[in-house]
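Visitor: Contents of work32.txt (compact mmCIF, C-alpha atoms) are given next:
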# COMPACT_ATOMS: atom_id res chain seq x y z
CA MET A 21 -9.70 31.77 19.23
CA ALA A 22 -8.70 32.88 15.77
CA GLY A 23 -5.63 34.46 17.34
CA LEU A 24 -4.25 31.02 18.04
CA ALA A 25 -3.80 30.52 14.33
CA GLU A 26 -1.81 33.69 13.68
CA SER A 27 1.59 32.52 14.86
CA GLY A 28 3.43 29.87 12.93
CA SER A 29 5.31 28.97 16.14
CA ASN A 30 2.08 27.99 17.86
CA PRO A 31 2.10 24.23 18.69
CA ASP A 32 -1.43 23.93 17.32
CA VAL A 33 -0.33 25.28 13.94
CA ASP A 34 2.94 23.34 13.97
CA LEU A 35 1.07 20.08 14.57
CA LEU A 36 -1.39 20.98 11.82
CA TYR A 37 1.45 21.37 9.31
CA ASP A 38 3.16 18.19 10.53
CA ILE A 39 0.05 16.02 10.14
CA ASN A 40 -1.22 17.65 6.97
CA GLY A 41 2.29 17.43 5.53
CA LEU A 42 1.83 13.66 5.43
CA ALA A 43 -0.81 14.18 2.73
CA LYS A 44 1.74 15.84 0.44
CA ASP A 45 4.06 12.85 0.62
CA ALA A 46 1.34 10.21 0.33
CA PRO A 47 0.13 8.70 -2.97
CA HIS A 48 -2.90 10.30 -4.58
CA TRP A 49 -5.04 7.20 -4.08
CA PHE A 50 -4.26 7.20 -0.35
CA ASP A 51 -5.35 10.82 -0.02
CA ARG A 52 -8.60 10.03 -1.81
CA MET A 53 -9.17 7.10 0.55
CA VAL A 54 -8.55 9.27 3.63
CA GLU A 55 -10.88 11.89 2.18
CA PHE A 56 -13.73 9.37 1.93
CA VAL A 57 -12.98 7.74 5.28
CA GLY A 58 -12.68 11.06 7.10
CA GLU A 59 -15.77 12.59 5.53
CA TYR A 60 -18.19 9.65 5.43
CA GLY A 61 -16.57 6.28 6.11
CA LEU A 62 -15.94 6.51 9.84
CA LEU A 63 -19.38 7.94 10.53
CA LEU A 64 -20.89 4.97 8.69
CA ALA A 65 -18.59 2.58 10.55
CA MET A 66 -19.75 4.05 13.86
CA VAL A 67 -23.40 3.54 12.97
CA LEU A 68 -22.70 -0.05 11.91
CA LEU A 69 -20.82 -0.64 15.17
CA VAL A 70 -23.83 0.50 17.21
CA LEU A 71 -26.08 -1.78 15.15
CA TRP A 72 -23.70 -4.70 15.64
CA CYS A 73 -23.72 -4.12 19.39
CA TRP A 74 -27.53 -3.97 19.36
CA TRP A 75 -27.68 -7.27 17.45
CA THR A 76 -25.35 -8.87 20.00
CA VAL A 77 -27.41 -7.60 22.94
CA ARG A 78 -30.62 -8.76 21.28
CA ARG A 79 -29.30 -12.27 20.70
CA ARG A 80 -27.93 -12.58 24.22
CA GLY A 81 -31.17 -11.41 25.82
CA GLY A 82 -31.31 -11.56 29.61
CA ASP A 83 -33.01 -9.46 32.23
CA GLU A 84 -30.91 -6.38 31.40
CA ALA A 85 -31.63 -6.43 27.65
CA ALA A 86 -33.98 -3.45 27.80
CA THR A 87 -31.48 -1.39 29.80
CA SER A 88 -28.68 -2.25 27.37
CA VAL A 89 -30.76 -1.32 24.35
CA ALA A 90 -31.74 1.95 26.04
CA ALA A 91 -28.03 2.76 26.40
CA LEU A 92 -27.51 1.99 22.71
CA VAL A 93 -30.40 4.24 21.71
CA TRP A 94 -28.72 7.00 23.70
CA ALA A 95 -25.57 6.80 21.51
CA PRO A 96 -27.02 8.44 18.36
CA LEU A 97 -29.16 10.78 20.46
CA ALA A 98 -26.06 11.95 22.33
CA ALA A 99 -24.30 12.60 19.02
CA GLY A 100 -27.23 14.66 17.74
CA ILE A 101 -27.49 16.71 20.94
CA ALA A 102 -23.74 17.34 20.96
CA VAL A 103 -23.85 18.71 17.41
CA LEU A 104 -26.74 20.99 18.35
CA VAL A 105 -24.76 22.27 21.34
CA ASN A 106 -21.88 22.96 18.96
CA VAL A 107 -23.98 25.35 16.84
CA PRO A 108 -23.84 28.30 19.28
CA ILE A 109 -20.23 27.47 20.18
CA ARG A 110 -19.17 27.83 16.55
CA GLY A 111 -21.07 31.07 16.20
CA PHE A 112 -19.50 32.50 19.34
CA VAL A 113 -15.88 31.49 18.63
CA GLU A 114 -15.98 32.19 14.86
CA ARG A 115 -12.68 30.50 14.12
CA PRO A 116 -11.93 30.34 10.37
CA ARG A 117 -10.84 27.13 8.71
CA PRO A 118 -7.05 26.69 8.87
CA PHE A 119 -6.55 26.97 5.10
CA ARG A 120 -8.04 30.46 5.18
CA ASP A 121 -5.24 31.76 7.43
CA HIS A 122 -2.32 29.53 6.45
CA GLN A 123 -0.71 28.91 3.10
CA GLY A 124 0.72 25.67 1.84
CA LEU A 125 -1.84 23.28 3.30
CA ASP A 126 -2.95 20.31 1.21
CA VAL A 127 -6.73 20.60 1.53
CA LEU A 128 -8.36 17.33 0.53
CA VAL A 129 -11.96 18.57 0.86
CA PRO A 130 -12.34 22.02 -0.72
CA GLY A 131 -15.38 24.23 -0.34
CA LYS A 132 -15.60 24.30 3.46
CA THR A 133 -16.83 27.81 4.30
CA ASP A 134 -18.22 27.36 7.83
CA TYR A 135 -16.28 27.89 11.04
CA SER A 136 -13.69 25.44 12.29
CA PHE A 137 -14.05 25.22 16.09
CA VAL A 138 -15.20 22.70 17.13
CA SER A 139 -15.16 19.79 14.68
CA ASP A 140 -18.61 18.31 14.09
CA HIS A 141 -17.13 15.01 12.92
CA ALA A 142 -14.97 14.69 16.04
CA THR A 143 -17.94 15.63 18.22
CA LEU A 144 -20.28 13.12 16.56
CA THR A 145 -17.94 10.16 16.64
CA MET A 146 -16.67 10.71 20.18
CA ALA A 147 -20.18 11.20 21.57
CA MET A 148 -21.26 7.91 20.01
CA GLY A 149 -18.08 6.15 21.08
CA VAL A 150 -18.35 7.23 24.72
CA ALA A 151 -22.08 6.48 24.88
CA LEU A 152 -21.37 3.08 23.35
CA PHE A 153 -18.67 2.50 25.99
CA VAL A 154 -21.28 3.12 28.69
CA ALA A 155 -23.46 0.43 27.10
CA ASN A 156 -20.72 -2.08 26.27
CA ARG A 157 -17.03 -1.61 27.06
CA ARG A 158 -15.72 -3.90 24.31
CA PHE A 159 -17.67 -2.20 21.55
CA GLY A 160 -17.13 1.19 23.19
CA LEU A 161 -13.35 0.88 23.03
CA VAL A 162 -13.61 0.20 19.32
CA GLY A 163 -15.91 3.20 18.95
CA ILE A 164 -13.52 5.50 20.80
CA GLY A 165 -10.72 4.22 18.59
CA LEU A 166 -12.76 5.13 15.50
CA ALA A 167 -13.38 8.61 16.95
CA LEU A 168 -9.64 9.15 17.49
CA LEU A 169 -8.98 8.06 13.91
CA GLU A 170 -11.67 10.50 12.73
CA GLY A 171 -9.92 13.33 14.53
CA PHE A 172 -6.61 12.47 12.90
CA CYS A 173 -8.24 12.36 9.46
CA ARG A 174 -9.79 15.82 9.90
CA VAL A 175 -6.38 17.36 10.56
CA TYR A 176 -4.75 15.27 7.83
CA MET A 177 -7.34 16.59 5.38
CA GLY A 178 -6.42 20.18 6.26
CA VAL A 179 -9.92 21.22 7.34
CA HIS A 180 -9.38 21.45 11.12
CA TYR A 181 -6.77 22.47 13.64
CA PRO A 182 -5.80 19.84 16.23
CA THR A 183 -7.52 21.93 18.93
CA ASP A 184 -10.74 21.83 16.88
CA VAL A 185 -10.61 18.06 17.15
CA ILE A 186 -9.71 18.06 20.85
CA GLY A 187 -12.59 20.44 21.50
CA GLY A 188 -14.93 18.10 19.63
CA PHE A 189 -13.72 15.15 21.69
CA ALA A 190 -14.32 17.09 24.91
CA LEU A 191 -17.78 18.25 23.84
CA GLY A 192 -18.90 14.81 22.70
CA THR A 193 -17.62 13.16 25.87
CA ALA A 194 -19.26 15.75 28.12
CA VAL A 195 -22.67 15.42 26.48
CA ALA A 196 -22.56 11.61 26.41
CA LEU A 197 -21.56 11.28 30.07
CA LEU A 198 -23.31 14.19 31.76
CA LEU A 199 -26.69 13.58 30.16
CA SER A 200 -26.48 9.78 30.31
CA PRO A 201 -28.24 9.38 33.71
CA LEU A 202 -31.19 11.50 32.58
CA ALA A 203 -31.32 9.75 29.22
CA MET A 204 -31.34 6.30 30.83
CA LEU A 205 -34.03 7.41 33.27
CA MET A 206 -36.25 8.33 30.33
CA LEU A 207 -35.30 5.63 27.80
CA THR A 208 -35.24 2.53 30.01
CA PRO A 209 -39.00 2.50 30.79
CA VAL A 210 -39.72 3.02 27.09
CA MET A 211 -37.51 0.06 26.11
CA LYS A 212 -39.09 -2.12 28.80
CA ALA A 213 -42.53 -1.26 27.43
CA VAL A 214 -41.33 -2.19 23.95
CA GLU A 215 -39.93 -5.45 25.33
CA ARG A 216 -43.37 -6.44 26.62
CA SER A 217 -44.92 -6.01 23.18
CA PRO A 218 -45.54 -9.34 21.35
CA ARG A 219 -44.11 -7.99 18.09
CA ALA A 220 -41.95 -4.96 18.85
CA GLY A 221 -40.37 -6.88 21.72
CA ARG A 222 -38.17 -8.65 19.19
CA LEU A 223 -36.25 -5.40 18.88
CA ILE A 224 -35.09 -5.84 22.47
CA ARG A 225 -34.44 -9.56 22.65
CA ARG A 226 -34.71 -12.58 20.40
CA ARG A 227 -37.70 -14.70 21.37
CA SER A 228 -37.23 -18.44 21.76
CA ALA A 229 -39.77 -20.94 20.51
CA GLY A 230 -41.13 -21.53 24.01
CA ASP A 231 -41.23 -17.91 25.08
CA PRO A 232 -44.56 -17.41 26.88
CA ARG A 233 -44.79 -13.83 25.64
CA ASP A 234 -45.24 -15.20 22.13
CA ALA A 235 -47.48 -18.11 23.10
CA VAL A 236 -50.01 -16.40 25.34
CA VAL A 237 -52.48 -14.00 23.80
CA PRO A 238 -54.60 -12.00 26.24
CA GLY A 239 -58.15 -13.37 26.38
CA ALA A 240 -57.31 -16.66 24.62
CA ARG A 241 -57.40 -20.11 26.26
CA SER A 242 -54.64 -22.65 25.83
CA ALA A 243 -55.35 -26.09 24.37
CA SER A 244 -54.65 -27.83 27.70
CA SER A 245 -57.06 -25.61 29.64
CA ALA A 246 -59.73 -26.14 26.98
CA GLY A 247 -59.29 -29.92 27.16
CA ALA A 248 -59.52 -29.91 30.94
CA GLU A 249 -62.72 -27.88 30.76
CA GLU A 250 -64.26 -30.38 28.33
CA ARG A 251 -63.41 -33.30 30.64
CA ASP A 252 -65.01 -31.48 33.56
CA LEU A 253 -68.17 -30.93 31.55
CA ALA A 254 -68.29 -34.57 30.48
CA ALA A 255 -68.04 -35.69 34.07
So that I can check it, write out the structure of this file as structure tokens.

Guide:
Amino acid sequence: MAGLAESGSNPDVDLLYDINGLAKDAPHWFDRMVEFVGEYGLLLAMVLLVLWCWWTVRRRGGDEAATSVAALVWAPLAAGIAVLVNVPIRGFVERPRPFRDHQGLDVLVPGKTDYSFVSDHATLTMAMGVALFVANRRFGLVGIGLALLEGFCRVYMGVHYPTDVIGGFALGTAVALLLSPLAMLMLTPVMKAVERSPRAGRLIRRRSAGDPRDAVVPGARSASSAGAEERDLAA
């Protein structure tokens, strides 16, 4: 894979220079903003998006609330599994960072010494975005858009080749989709059990004032049943 970076006529390298060249012409403050957004900001935005979707599902409630929340729980789990899968891939490919083989790049985040293929950031964000799309298409489209922006930022920052990003997108998508049926099979019963809990059930759906799951306590008698029993005894 490292051989792809040796030729300056390679489209991967040409696109790297084209995108990273934008950083040289941009104001310093803009580069610093992209540095923060590409390194931390979009990951945080993705987490907040998943939480926002969970809050929306919880407020809406319905019979499918537990299934929807299970799909949302899968989003960060898919991202974590995808990054773990990437560990042996990086060790096998051993592709150096682009600035180690090419001169003249404007590297916004110095000190990167690990291998380049595939991008962890692209893998994380795309895995969460695709898993979020499975749970909710509207939020998922936003998540996929954030993942695409993350990929652009990684190349703009000079720390990844475009193919590193594309590989991360492919890996994140594959993990999120291929393992989704198994994940839902395991997570849905857990979320339904949580939903039945008087207290933890609020994590799945918002309880209304007249919700019987809040009003009825196992082993306790209601006021109406107690009054009826007293009238029967008096008779």

Visitor: Using all atoms listed in the file, collect all residues at a distance of at most 7 Å from (-18.2, 6.4, 20.0) as written in the file, then present them as a PyMOL selection string.

Guide: chain A and resi 66+145-152+160+163-164+167

Visitor: Identify which of the residues A:Phe112, A:Leu92, A:Asp126, A:Asn106 lies closest to Gly41 in chain A, counting only C-alpha atoms when measuring atom-to-atom distances.

Guide: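 Residue with the minimum atom-to-atom distance to Gly41 in chain A: A:Asp126.
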
Visitor: Counting all atoms listed in the file, which of A:Arg219, A:Arg117, A:Lys132, A:His141 gets nearest to Gly171 in chain A?

Guide: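 Looking only at the distances to Gly171 in chain A, the closest residue turns out to be A:His141.
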
Visitor: Which residue, A:Val138, A:Val179, A:Leu197, A:Leu191, has the smallest gap to Glu59 in chain A when you use only C-alpha atoms?

Guide: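 Ranked by minimum distance to Glu59 in chain A, first place goes to A:Val179.
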
Visitor: Measure the distance from CA of Arg110 in chain A to CA of Phe137 in chain A in Å and round it to one decimal.

Guide: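 Computed distance, CA of Arg110 in chain A to CA of Phe137 in chain A, equals 5.8 Å.
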
Visitor: With all atoms listed in the file as the atoms that count, which of A:Val54, A:Ala95, A:Val127, A:Ala142 lies nearest to Trp74 in chain A?

Guide: A:Ala95

Visitor: For Asn40 in chain A, which residue out of A:Arg79, A:Arg158, A:His180, A:Arg120 is the nearest one, using all atoms listed in the file?

Guide: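 Of A:Arg79, A:Arg158, A:His180, A:Arg120, the one nearest Asn40 in chain A, counting all atoms listed in the file, is A:His180.
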
Visitor: Separation of CA of Ala220 in chain A and CA of Pro96 in chain A, in Å?

Guide: 20.1 Å

Visitor: So that I can see what lies close to range 222-225 of chain A, please list as a count of residues only the residues with an atom at most 9 Å from it, counting only C-alpha atoms and leaving out residues fewer than 3 positions away in the same chain.

Guide: 19

Visitor: Applying 12 Å and all atoms listed in the file, which residues near Leu97 in chain A remain after dropping the ones on its own chain fewer than 4 positions away? List them as a ChimeraX atom specification.

Guide: /A:67,90-93,101-104,144-145,147-148,151-152,192,195-196,199-200,203-204,207

Visitor: Grab the CA of Gly188 in chain A to CA of Leu62 in chain A distance for me, in Å with one decimal place.

Guide: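 Between CA of Gly188 in chain A and CA of Leu62 in chain A the gap works out to 15.2 Å.
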
Visitor: I'd like to know which of A:Arg115, A:Arg157, A:Arg226, A:Arg216 is closest to Asp184 in chain A, using all atoms listed in the file.

Guide: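 Closest candidate: A:Arg115.
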
Visitor: List the neighbours of Met53 in chain A out to 12 Å using all atoms listed in the file; skip same-chain residues closer than 6 positions along the sequence, and give me the result as a list of chain:residue names.

Guide: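 Here the qualifying residues turn out to be A:Ala43, A:Ala46, A:Pro47, A:Glu59, A:Tyr60, A:Gly61, A:Leu62, A:Leu128, A:Val129, A:Cys173, A:Tyr176, A:Met177.
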
Visitor: Just the residues within 9 Å of Val175 in chain A, please, counting only C-alpha atoms, with nothing from its chain fewer than 6 positions along; format it as a list in words.

Guide: Leu35, Leu36, Tyr37, Ile39, Asn40, Tyr181, Pro182, Asp184 and Val185 of chain A

Visitor: Restricting it to C-alpha atoms, dump the selection as a PDB file, keeping the file's coordinate frame.

Guide:
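Once everything was written out, this is selection_17.pdb:
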ATOM      1  CA  LEU A  35       1.070  20.080  14.570  1.00  0.00           C
ATOM      2  CA  LEU A  36      -1.390  20.980  11.820  1.00  0.00           C
ATOM      3  CA  TYR A  37       1.450  21.370   9.310  1.00  0.00           C
ATOM      4  CA  ILE A  39       0.050  16.020  10.140  1.00  0.00           C
ATOM      5  CA  ASN A  40      -1.220  17.650   6.970  1.00  0.00           C
ATOM      6  CA  TYR A 181      -6.770  22.470  13.640  1.00  0.00           C
ATOM      7  CA  PRO A 182      -5.800  19.840  16.230  1.00  0.00           C
ATOM      8  CA  ASP A 184     -10.740  21.830  16.880  1.00  0.00           C
ATOM      9  CA  VAL A 185     -10.610  18.060  17.150  1.00  0.00           C
TER      10      VAL A 185
END

Visitor: Report, as JSON, the centre and edge lengths in Å (one decimal) of the axis-aligned box enclosing every listed atom of range 59-75 of chain A, padded by 5 Å on each side.

Guide:
{"center_x": -21.7, "center_y": 2.7, "center_z": 12.4, "size_x": 21.9, "size_y": 29.9, "size_z": 24.0}
